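Shown here: coords_15.csv, CSV, C-alpha atoms and all ligand atoms.
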```csv
chain,number,residue,atom,x,y,z
A,1360,MET,CA,0.0,0.0,0.0
A,1361,SER,CA,1.2,3.5,-0.8
A,1362,ILE,CA,0.8,6.0,2.1
A,1363,LEU,CA,1.2,9.7,2.1
A,1364,VAL,CA,2.7,11.1,5.3
A,1365,THR,CA,2.4,14.9,5.6
A,1366,GLY,CA,4.9,16.3,8.1
A,1367,GLY,CA,7.0,13.2,7.9
A,1368,ALA,CA,10.2,15.2,8.4
A,1369,GLY,CA,9.0,16.4,11.8
A,1370,TYR,CA,9.2,14.8,15.3
A,1371,ILE,CA,6.2,12.5,15.3
A,1372,GLY,CA,6.0,12.1,11.6
A,1373,SER,CA,9.5,10.8,11.3
A,1374,HIS,CA,8.8,8.1,13.8
A,1375,MET,CA,5.7,7.2,11.8
A,1376,VAL,CA,7.8,6.9,8.7
A,1377,LEU,CA,10.1,4.5,10.6
A,1378,ALA,CA,7.2,2.4,11.8
A,1379,LEU,CA,5.7,2.2,8.3
A,1380,ALA,CA,9.0,1.5,6.5
A,1381,ASP,CA,9.8,-1.2,9.1
A,1382,ALA,CA,6.5,-2.8,8.3
A,1383,GLY,CA,7.4,-2.8,4.6
A,1384,GLU,CA,4.9,-0.1,3.5
A,1385,ARG,CA,5.6,2.3,0.6
A,1386,VAL,CA,5.9,5.8,2.0
A,1387,VAL,CA,5.8,9.3,0.4
A,1388,VAL,CA,6.5,12.2,2.7
A,1389,LEU,CA,5.2,15.7,2.0
A,1390,ASP,CA,6.9,18.3,4.2
A,1391,ASN,CA,7.7,22.0,3.6
A,1392,LEU,CA,10.7,21.6,6.0
A,1393,SER,CA,9.6,24.7,8.0
A,1394,THR,CA,10.2,22.8,11.2
A,1395,GLY,CA,11.2,19.4,10.0
A,1396,PHE,CA,14.5,18.2,8.6
A,1397,ALA,CA,15.2,16.3,5.4
A,1398,TRP,CA,17.8,14.1,7.3
A,1399,ALA,CA,15.0,13.0,9.7
A,1400,VAL,CA,13.2,11.2,6.9
A,1401,ASP,CA,14.2,7.5,6.6
A,1402,PRO,CA,15.8,6.9,3.2
A,1403,ARG,CA,13.3,4.1,2.5
A,1404,ALA,CA,10.7,6.8,2.1
A,1405,THR,CA,10.4,9.3,-0.8
A,1406,LEU,CA,10.6,12.9,0.4
A,1407,VAL,CA,8.7,15.6,-1.5
A,1408,GLU,CA,9.4,19.2,-0.4
A,1409,GLY,CA,6.2,21.1,-0.5
A,1410,ASP,CA,3.1,22.4,1.2
A,1411,THR,CA,0.0,20.5,2.3
A,1412,GLY,CA,-2.0,23.5,1.1
A,1413,ASP,CA,-0.6,23.2,-2.5
A,1414,ASP,CA,-3.6,21.5,-4.0
A,1415,THR,CA,-2.0,21.0,-7.5
A,1416,LEU,CA,1.1,19.3,-5.9
A,1417,VAL,CA,-1.1,17.2,-3.6
A,1418,ALA,CA,-3.4,16.1,-6.4
A,1419,TRP,CA,-0.4,15.1,-8.5
A,1420,LEU,CA,1.2,13.2,-5.6
A,1421,LEU,CA,-2.0,11.2,-4.8
A,1422,ARG,CA,-2.3,10.2,-8.4
A,1423,GLU,CA,1.4,9.6,-9.2
A,1424,HIS,CA,1.9,7.3,-6.1
A,1425,ALA,CA,-1.6,5.8,-6.2
A,1426,VAL,CA,-2.0,6.8,-2.5
A,1427,GLN,CA,-4.4,4.6,-0.5
A,1428,ALA,CA,-4.0,6.3,2.9
A,1429,ILE,CA,-3.1,9.8,4.1
A,1430,ILE,CA,-1.6,10.3,7.6
A,1431,HIS,CA,-1.7,14.0,8.3
A,1432,PHE,CA,0.9,15.3,10.8
A,1433,ALA,CA,1.8,18.6,9.1
A,1434,GLY,CA,0.8,21.5,11.3
A,1435,SER,CA,1.8,24.0,14.0
A,1436,ILE,CA,1.9,22.6,17.5
A,1437,VAL,CA,2.9,25.1,20.2
A,1438,VAL,CA,0.0,26.2,22.4
A,1439,PRO,CA,1.4,29.6,23.6
A,1440,GLU,CA,2.5,30.5,20.0
A,1441,SER,CA,-1.1,29.9,18.8
A,1442,VAL,CA,-2.4,32.3,21.4
A,1443,ALA,CA,-0.1,35.0,19.9
A,1444,ASP,CA,-0.7,34.0,16.3
A,1445,PRO,CA,-4.2,32.6,16.0
A,1446,LEU,CA,-4.6,33.3,12.3
A,1447,GLY,CA,-1.3,31.6,11.5
A,1448,TYR,CA,-2.6,28.5,13.3
A,1449,TYR,CA,-6.0,28.6,11.6
A,1450,LEU,CA,-4.2,28.8,8.2
A,1451,ASN,CA,-1.7,26.0,8.9
A,1452,ASN,CA,-3.9,23.6,10.8
A,1453,THR,CA,-7.4,24.3,9.5
A,1454,VAL,CA,-7.3,25.8,6.1
A,1455,LYS,CA,-4.5,23.6,4.8
A,1456,SER,CA,-6.2,20.5,6.3
A,1457,ARG,CA,-9.3,21.4,4.4
A,1458,ALA,CA,-7.3,21.5,1.2
A,1459,LEU,CA,-5.8,18.1,1.9
A,1460,ILE,CA,-9.2,16.5,2.7
A,1461,ALA,CA,-10.6,18.0,-0.4
A,1462,ALA,CA,-7.8,16.5,-2.5
A,1463,ALA,CA,-8.3,13.1,-0.8
A,1464,VAL,CA,-12.0,13.2,-1.7
A,1465,GLU,CA,-11.3,14.3,-5.3
A,1466,ALA,CA,-8.7,11.5,-5.7
A,1467,GLY,CA,-10.8,8.9,-4.0
A,1468,VAL,CA,-8.3,8.2,-1.2
A,1469,PRO,CA,-10.3,5.9,1.1
A,1470,HIS,CA,-8.4,6.3,4.4
A,1471,PHE,CA,-7.3,9.3,6.4
A,1472,ILE,CA,-5.6,9.5,9.8
A,1473,PHE,CA,-5.4,12.8,11.5
A,1474,SER,CA,-3.2,14.1,14.3
A,1475,SER,CA,-5.6,15.7,16.7
A,1476,THR,CA,-4.9,16.7,20.2
A,1477,ALA,CA,-5.9,16.6,23.8
A,1478,ALA,CA,-6.1,20.4,23.6
A,1479,VAL,CA,-9.6,20.0,22.1
A,1480,TYR,CA,-10.9,19.3,25.6
A,1481,GLY,CA,-9.6,22.5,27.2
A,1482,ASN,CA,-9.7,22.1,30.9
A,1483,PRO,CA,-11.8,18.9,31.2
A,1484,ALA,CA,-14.2,18.5,34.1
A,1485,VAL,CA,-13.5,14.7,34.3
A,1486,THR,CA,-10.2,13.0,34.8
A,1487,PRO,CA,-9.3,10.8,33.0
A,1488,VAL,CA,-11.1,12.5,30.1
A,1489,PRO,CA,-13.1,10.2,27.7
A,1490,GLU,CA,-13.5,10.9,24.0
A,1491,ASP,CA,-17.2,11.9,24.4
A,1492,ALA,CA,-16.4,14.6,27.0
A,1493,ASP,CA,-17.3,18.2,26.3
A,1494,LEU,CA,-15.0,19.9,23.8
A,1495,SER,CA,-14.0,23.4,24.7
A,1496,PRO,CA,-10.5,24.2,23.6
A,1497,MET,CA,-8.6,26.9,25.6
A,1498,SER,CA,-6.3,27.9,22.8
A,1499,PRO,CA,-6.5,28.6,19.0
A,1500,TYR,CA,-4.2,25.6,18.6
A,1501,GLY,CA,-7.0,23.3,20.1
A,1502,SER,CA,-9.7,25.1,18.1
A,1503,SER,CA,-7.7,24.8,14.9
A,1504,LYS,CA,-7.5,21.0,15.4
A,1505,LEU,CA,-11.1,20.6,16.5
A,1506,MET,CA,-12.3,22.4,13.3
A,1507,THR,CA,-10.4,19.8,11.3
A,1508,GLU,CA,-12.0,17.0,13.3
A,1509,ILE,CA,-15.4,18.5,12.5
A,1510,MET,CA,-14.5,18.8,8.7
A,1511,LEU,CA,-13.5,15.1,8.7
A,1512,ALA,CA,-16.7,14.0,10.4
A,1513,ASP,CA,-18.9,15.9,8.0
A,1514,THR,CA,-16.8,14.8,5.0
A,1515,ALA,CA,-17.0,11.1,6.0
A,1516,ARG,CA,-20.8,11.4,6.1
A,1517,ALA,CA,-20.9,12.9,2.6
A,1518,HIS,CA,-18.2,11.0,0.8
A,1519,PRO,CA,-16.7,7.5,0.8
A,1520,LEU,CA,-13.8,8.5,3.1
A,1521,ARG,CA,-13.2,6.9,6.4
A,1522,TYR,CA,-10.9,8.4,9.0
A,1523,VAL,CA,-9.4,8.0,12.5
A,1524,ALA,CA,-8.7,11.2,14.5
A,1525,LEU,CA,-6.1,10.5,17.2
A,1526,ARG,CA,-6.1,12.9,20.1
A,1527,TYR,CA,-2.5,13.0,21.3
A,1528,PHE,CA,-1.8,13.8,24.8
A,1529,ASN,CA,1.8,14.9,25.6
A,1530,VAL,CA,4.2,13.2,23.2
A,1531,ALA,CA,7.8,12.7,24.3
A,1532,GLY,CA,10.8,10.4,24.1
A,1533,ALA,CA,12.6,9.2,21.0
A,1534,ASP,CA,13.0,6.1,18.8
A,1535,PRO,CA,14.5,3.4,21.2
A,1536,ALA,CA,17.0,2.5,18.4
A,1537,GLY,CA,18.2,6.1,18.3
A,1538,ARG,CA,17.1,6.8,14.7
A,1539,SER,CA,15.0,9.9,15.4
A,1540,GLY,CA,13.9,12.2,18.1
A,1541,GLN,CA,12.7,15.7,18.8
A,1542,SER,CA,15.1,18.0,17.0
A,1543,THR,CA,13.4,21.3,16.8
A,1544,PRO,CA,15.5,24.2,17.9
A,1545,ARG,CA,14.1,26.6,20.6
A,1546,ALA,CA,12.0,23.8,22.0
A,1547,THR,CA,9.1,24.6,24.3
A,1548,HIS,CA,7.9,21.1,25.3
A,1549,LEU,CA,8.6,20.2,28.9
A,1550,ILE,CA,10.6,17.0,28.6
A,1551,LYS,CA,12.8,18.4,25.8
A,1552,VAL,CA,13.4,21.6,27.7
A,1553,ALA,CA,14.3,19.7,30.9
A,1554,CYS,CA,16.7,17.4,28.9
A,1555,GLU,CA,18.4,20.5,27.4
A,1556,ALA,CA,18.9,21.9,30.9
A,1557,ALA,CA,20.3,18.6,32.2
A,1558,LEU,CA,22.8,18.5,29.3
A,1559,GLY,CA,23.9,22.1,29.9
A,1560,LYS,CA,22.3,23.3,26.6
A,1561,ARG,CA,20.4,26.0,28.6
A,1562,PRO,CA,21.5,27.5,31.9
A,1563,TYR,CA,18.2,26.8,33.7
A,1564,MET,CA,14.6,26.0,33.1
A,1565,GLU,CA,11.3,27.5,34.3
A,1566,VAL,CA,8.2,26.0,35.8
A,1567,PHE,CA,5.2,27.9,34.4
A,1568,GLY,CA,2.7,28.3,37.2
A,1569,THR,CA,2.8,26.8,40.7
A,1570,ASP,CA,-0.7,27.8,41.8
A,1571,TYR,CA,-2.8,25.4,39.9
A,1572,PRO,CA,-5.4,23.3,41.8
A,1573,THR,CA,-3.3,20.2,41.6
A,1574,SER,CA,-1.4,18.2,44.3
A,1575,ASP,CA,1.8,20.2,44.0
A,1576,GLY,CA,0.4,23.3,42.3
A,1577,THR,CA,2.0,22.5,38.8
A,1578,CYS,CA,0.1,21.3,35.7
A,1579,ILE,CA,-0.6,17.6,35.2
A,1580,ARG,CA,-0.1,15.9,31.9
A,1581,ASP,CA,-0.3,12.4,30.4
A,1582,TYR,CA,3.1,11.8,28.7
A,1583,ILE,CA,3.1,9.2,25.9
A,1584,HIS,CA,6.2,7.7,24.2
A,1585,VAL,CA,6.4,8.7,20.6
A,1586,SER,CA,7.0,5.1,19.5
A,1587,ASP,CA,3.8,3.9,21.2
A,1588,LEU,CA,2.0,6.8,19.4
A,1589,ALA,CA,3.4,5.6,16.1
A,1590,GLU,CA,2.1,2.1,16.9
A,1591,ALA,CA,-1.3,3.6,17.6
A,1592,HIS,CA,-1.3,5.0,14.0
A,1593,MET,CA,-0.3,1.6,12.7
A,1594,ALA,CA,-3.2,0.1,14.5
A,1595,ALA,CA,-5.5,2.8,13.2
A,1596,LEU,CA,-4.3,2.1,9.6
A,1597,GLU,CA,-5.0,-1.6,10.0
A,1598,HIS,CA,-8.5,-0.8,11.4
A,1599,LEU,CA,-9.3,1.4,8.4
A,1600,THR,CA,-8.0,-1.1,5.8
A,1601,ARG,CA,-9.9,-3.9,7.5
A,1602,GLY,CA,-13.1,-1.8,6.9
A,1603,GLY,CA,-13.4,-0.3,10.4
A,1604,ALA,CA,-15.6,2.7,10.9
A,1605,SER,CA,-14.5,6.2,11.3
A,1606,THR,CA,-13.6,7.0,14.9
A,1607,VAL,CA,-11.9,9.4,17.3
A,1608,LEU,CA,-9.5,8.0,19.9
A,1609,ASN,CA,-7.4,9.4,22.7
A,1610,CYS,CA,-3.7,8.5,22.7
A,1611,GLY,CA,-2.3,8.5,26.3
A,1612,TYR,CA,-1.6,6.2,29.1
A,1613,SER,CA,-4.2,7.3,31.6
A,1614,GLN,CA,-1.4,8.3,34.0
A,1615,GLY,CA,-0.7,11.9,34.9
A,1616,TYR,CA,2.5,13.5,36.1
A,1617,SER,CA,3.0,17.1,37.4
A,1618,VAL,CA,5.6,19.4,35.9
A,1619,LEU,CA,7.7,19.0,39.1
A,1620,GLN,CA,7.5,15.2,38.9
A,1621,VAL,CA,8.7,15.3,35.3
A,1622,ILE,CA,11.6,17.5,36.3
A,1623,GLU,CA,12.4,15.1,39.2
A,1624,ALA,CA,12.5,12.3,36.7
A,1625,VAL,CA,14.8,14.1,34.3
A,1626,LYS,CA,17.2,14.9,37.2
A,1627,ARG,CA,17.0,11.3,38.4
A,1628,VAL,CA,17.7,9.7,35.0
A,1629,SER,CA,20.4,12.2,34.0
A,1630,GLY,CA,22.0,12.5,37.4
A,1631,VAL,CA,22.2,16.3,37.0
A,1632,ASP,CA,20.7,18.7,39.5
A,1633,PHE,CA,20.1,21.6,37.0
A,1634,GLU,CA,18.6,25.0,38.1
A,1635,VAL,CA,14.8,25.3,38.1
A,1636,ARG,CA,13.1,28.7,38.5
A,1637,LEU,CA,9.4,29.0,39.5
A,1638,SER,CA,7.6,31.4,37.2
A,1639,ALA,CA,4.1,32.7,36.3
A,1640,ARG,CA,1.5,30.7,34.5
A,1641,ARG,CA,1.8,30.4,30.7
A,1642,PRO,CA,-1.3,31.5,28.7
A,1643,GLY,CA,-3.5,28.7,27.3
A,1644,ASP,CA,-2.4,26.0,29.8
A,1645,PRO,CA,-5.1,23.7,31.3
A,1646,ALA,CA,-4.4,22.7,34.9
A,1647,SER,CA,-4.7,18.9,34.4
A,1648,ILE,CA,-5.4,16.6,31.5
A,1649,VAL,CA,-5.1,12.9,31.5
A,1650,ALA,CA,-6.5,10.5,28.8
A,1651,ALA,CA,-9.1,7.8,29.2
A,1652,SER,CA,-7.4,5.2,27.1
A,1653,ASP,CA,-9.9,2.3,27.2
A,1654,ARG,CA,-11.4,3.0,23.8
A,1655,ILE,CA,-8.2,2.8,21.8
A,1656,ARG,CA,-7.2,-0.3,23.7
A,1657,ALA,CA,-10.5,-2.0,23.0
A,1658,ASP,CA,-11.2,-0.8,19.5
A,1659,LEU,CA,-7.7,-1.1,18.0
A,1660,GLY,CA,-6.1,-3.6,20.4
A,1661,TRP,CA,-3.4,-1.0,21.0
A,1662,MET,CA,-1.0,-1.9,23.8
A,1663,PRO,CA,1.8,0.5,24.9
A,1664,HIS,CA,5.3,-0.9,25.3
A,1665,HIS,CA,7.1,2.1,26.8
A,1666,ALA,CA,4.6,3.4,29.4
A,1667,ASP,CA,7.2,4.4,31.9
A,1668,LEU,CA,8.2,8.0,32.6
A,1669,ASP,CA,11.9,7.2,33.3
A,1670,ARG,CA,12.1,5.2,30.0
A,1671,ILE,CA,10.6,8.1,28.1
A,1672,VAL,CA,13.1,10.5,29.7
A,1673,ALA,CA,16.0,8.1,29.1
A,1674,HIS,CA,15.2,8.0,25.3
A,1675,ALA,CA,14.7,11.7,25.1
A,1676,LEU,CA,18.1,12.3,26.9
A,1677,GLU,CA,19.9,9.8,24.6
A,1678,TRP,CA,18.5,11.7,21.5
A,1679,GLU,CA,19.4,15.0,23.0
A,1680,ARG,CA,23.0,13.8,23.3
A,1681,LYS,CA,23.1,12.4,19.8
A,1682,LEU,CA,21.6,15.7,18.4
A,1683,GLU,CA,25.0,17.4,19.1
A,1684,SER,CA,26.7,15.1,16.6
A,1685,LEU,CA,24.0,15.8,14.0
A,1686,LYS,CA,24.4,19.6,14.1
A,1687,GLY,CA,25.1,21.2,10.8
A,1688,ARG,CA,22.9,18.8,8.8
A,1689,ASN,CA,19.7,20.2,7.3
A,1701,LIG,N1,6.2,23.7,31.1
A,1701,LIG,C1,7.0,24.3,32.0
A,1701,LIG,N2,8.3,24.7,31.6
A,1701,LIG,C2,8.7,24.6,30.3
A,1701,LIG,C3,7.9,24.0,29.4
A,1701,LIG,C4,6.6,23.5,29.8
A,1701,LIG,O1,6.7,24.5,33.2
A,1701,LIG,O2,9.8,25.0,30.0
A,1701,LIG,C5,4.9,23.2,31.5
A,1701,LIG,C6,3.8,23.9,30.8
A,1701,LIG,O3,3.4,25.1,31.3
A,1701,LIG,C7,2.7,22.8,30.9
A,1701,LIG,C8,3.5,21.5,30.9
A,1701,LIG,O4,4.8,21.8,31.2
A,1701,LIG,O5,2.0,22.9,32.1
A,1701,LIG,C9,3.5,20.8,29.5
A,1701,LIG,O6,3.8,21.8,28.6
A,1701,LIG,P1,4.3,21.4,27.1
A,1701,LIG,O7,4.6,22.7,26.4
A,1701,LIG,O8,5.3,20.3,27.1
A,1701,LIG,O9,3.0,20.7,26.5
A,1701,LIG,P2,1.5,21.2,26.4
A,1701,LIG,O10,0.7,20.5,27.5
A,1701,LIG,O11,1.3,22.7,26.4
A,1701,LIG,O12,1.0,20.8,25.0
A,1701,LIG,C10,1.2,19.5,24.5
A,1701,LIG,C11,1.2,19.5,23.0
A,1701,LIG,C12,-0.1,19.7,22.5
A,1701,LIG,C13,-1.2,18.9,23.2
A,1701,LIG,C14,-1.1,19.0,24.7
A,1701,LIG,C15,-2.1,18.1,25.3
A,1701,LIG,O13,2.1,20.4,22.5
A,1701,LIG,O14,-0.2,19.4,21.1
A,1701,LIG,O15,0.2,18.7,25.0
A,1701,LIG,O16,-2.0,18.2,26.7
A,1701,LIG,F1,-2.4,19.2,22.8
```
Produce structure tokens that represent the structure in this file.
Ligand code: UFG
Amino acid sequence: MSILVTGGAGYIGSHMVLALADAGERVVVLDNLSTGFAWAVDPRATLVEGDTGDDTLVAWLLREHAVQAIIHFAGSIVVPESVADPLGYYLNNTVKSRALIAAAVEAGVPHFIFSSTAAVYGNPAVTPVPEDADLSPMSPYGSSKLMTEIMLADTARAHPLRYVALRYFNVAGADPAGRSGQSTPRATHLIKVACEAALGKRPYMEVFGTDYPTSDGTCIRDYIHVSDLAEAHMAALEHLTRGGASTVLNCGYSQGYSVLQVIEAVKRVSGVDFEVRLSARRPGDPASIVAASDRIRADLGWMPHHADLDRIVAHALEWERKLESLKGRN
């Protein structure tokens, strides 16, 4: 089967490409390399440099490669950035997704997997949060992704396209074999930032908000290993190709950790007691968000293999060390 992976040069996309190539699938990556890296794309895949919103290019790619499934990662992913630049997020995440879905319908691509997010829930009233909870995003990022979920649901009712929207919780870690990891410069994600501090790449790190209504006052998140997330996509693809119905699934472990617990884990695993400064809240952050994960386990038979915070941190640290030796590549 030929599969188009948008954003396949990025952090999660590159792990997906590895999983697909390891499974012997034919992979075409479409990436504009705005935040991804050509070197991050496994050489078994074909990399096309271009934009998801370029409908002429996408139509040609779908035809040329007889694409049977689209896995759509390309997009912008930083919550506070979306608060500062909402229209940029609606363009990248919503408008361009619409173009891609339209191209899929036009070309008769039957299967679509979409990278959605836990941010669609906002600050959920229930923990762990199930898929049918109220959806009230607290950031343009969450809204931009929710709009795409809505477009997919409506499109699947009107056209012969089936989809799985996966709502990612906090993705972290790196390929256990050291082939990929999170490489974005000026990282904002907690585990990456803490690993950079542990390795002396930044002089200190900050904790954004210590007055949340949580056990230690810092935000609680459900961290999922990127390789387990890639496996969730493999299971979603199998579900669709077996004729499974369109669905929306959380991707998390149902286990929450506070920001301070994560920092403790990074200090423990690295053995470095780096400086941590307590700061004000960051805009757009919900206090606590943990996934109910029974639906994905039951419907896709998904089973995580790396559900351990220290293991996630160890892989993230290994990649962070390796990244030094990769500097200068593009
Ligand atoms: N944090 C810090 N210091 C840092 C970085 C982060 O205290 O230097 C805190 C944040 O304020 C937040 C927590 O760590 O409380 C996690 O922040 P991240 O930036 O790592 O991740 P987010 O929870 O903001 O967002 C991530 C993904 C989204 C996804 C969301 C779901 O980027 O795509 O998780 O919870 F929607």
Fill in: Contact residues around stretch 1475-1483 of chain A with all atoms listed in the file at 9 Å, ignoring same-chain residues under 2 positions, as number ranges by chain
A: 1432, 1438, 1473, 1485-1488, 1490, 1492-1498, 1500-1505, 1507-1508, 1524-1529, 1607, 1609-1610, 1643-1650
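Restricting the calculation to all atoms listed in the file, the smallest distance between ligand LIG 1701 (chain A) and any of A:Gly1576, A:Pro1663, A:Pro1544, A:Pro1519 is found for A:Gly1576.
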Worksheet entry | Gap from atom CA of A:Ala1589 to atom O13 of ligand LIG 1701 (chain A) - Å, one decimal | 16.2 Å
Discussion item. Which residues are near stretch 1462-1472 of chain A? Cut-off 7 Å, only C-alpha atoms, ignore same chain within fewer than 2 positions. Put them as a ChimeraX atom specification.
Written reply: /A:1414,1417-1418,1421,1426-1431,1458-1460,1474,1519-1524,1599
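The shortest atom-to-atom distance to ligand LIG 1701 (chain A), with all atoms listed in the file taken into account, belongs to A:Glu1440 out of A:Asp1381, A:Glu1440, A:Glu1408, A:Asp1669.
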Discussion item. With all atoms listed in the file as the counted atoms, please give the residues lying no more than 8 Å from A:Gly1434, apart from itself and same-chain residues fewer than 3 positions off, as a VMD selection string.
Written reply: chain A and resid 1366 1451 to 1452
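Here atom O2 of ligand LIG 1701 (chain A) is placed at a distance of 21.1 Å from atom CA of A:Tyr1448.
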Worksheet item: Any idea what's packed within 9 Å of A:Asp1587, counting all atoms listed in the file, ignoring anything in its chain fewer than 3 positions away? Could you give it as a ChimeraX atom specification?
Response: /A:1583-1584,1590-1592,1610,1661-1666
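Taking atom CA of A:Val1388 and atom CA of A:Ala1675 as the two end points, the separation is 23.9 Å.
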Within 8 Å of (10.9, 17.4, 29.7), only C-alpha atoms: residues as a PDB file with C-alpha atoms, keeping the file's coordinate frame?
```
ATOM      1  CA  ALA A1531       7.800  12.700  24.300  1.00  0.00           C
ATOM      2  CA  HIS A1548       7.900  21.100  25.300  1.00  0.00           C
ATOM      3  CA  LEU A1549       8.600  20.200  28.900  1.00  0.00           C
ATOM      4  CA  ILE A1550      10.600  17.000  28.600  1.00  0.00           C
ATOM      5  CA  LYS A1551      12.800  18.400  25.800  1.00  0.00           C
ATOM      6  CA  VAL A1552      13.400  21.600  27.700  1.00  0.00           C
ATOM      7  CA  ALA A1553      14.300  19.700  30.900  1.00  0.00           C
ATOM      8  CA  CYS A1554      16.700  17.400  28.900  1.00  0.00           C
ATOM      9  CA  VAL A1621       8.700  15.300  35.300  1.00  0.00           C
ATOM     10  CA  ILE A1622      11.600  17.500  36.300  1.00  0.00           C
ATOM     11  CA  VAL A1625      14.800  14.100  34.300  1.00  0.00           C
ATOM     12  CA  VAL A1672      13.100  10.500  29.700  1.00  0.00           C
TER      13      VAL A1672
END
```
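Shortest atom-to-atom contact with A:Glu1384 among A:Leu1619, A:Ala1515, A:Val1442, A:Leu1596: A:Leu1596, counting all atoms listed in the file.
Among the candidates A:Asp1401, A:Glu1423, A:Glu1565, A:Glu1677, the residue lying nearest to ligand LIG 1701 (chain A) is A:Glu1565 (atoms considered: only C-alpha atoms and all ligand atoms).
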Worksheet item: Could you tell me, as a list in words, which residues have any atom at most 12 Å from (16.6, 23.1, 18.4), counting all atoms listed in the file?
Response: Tyr1370, Thr1394, Gly1395, Phe1396, Gly1540, Gln1541, Ser1542, Thr1543, Pro1544, Arg1545, Ala1546, Thr1547, His1548, Lys1551, Val1552, Cys1554, Glu1555, Lys1560, Arg1561, Trp1678, Glu1679, Leu1682, Glu1683, Leu1685, Lys1686, Gly1687 and Asn1689 of chain A
With 9 Å as the cut-off and only C-alpha atoms counted, what is the closest atom pair between each nearby residue of stretch 1513-1582 of chain A and stretch 1628-1631 of chain A? Distances in Å to one decimal, ordered by chain and number, as CSV.
```
residue,atom,partner,partner_atom,distance
A:Cys1554,CA,A:Ser1629,CA,8.2
A:Ala1556,CA,A:Val1631,CA,8.9
A:Ala1557,CA,A:Val1631,CA,5.7
A:Leu1558,CA,A:Val1631,CA,8.0
```
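Minimum atom-to-atom distances from A:Gly1447, A:Pro1439, A:Pro1499, A:Gly1367 to ligand LIG 1701 (chain A) were compared using only C-alpha atoms and all ligand atoms, and the lowest value belongs to A:Pro1439.
Using all atoms listed in the file for every distance, the candidate list A:Tyr1582, A:Tyr1612, A:Phe1633, A:Phe1567 yields A:Phe1567 as the residue closest to ligand LIG 1701 (chain A).
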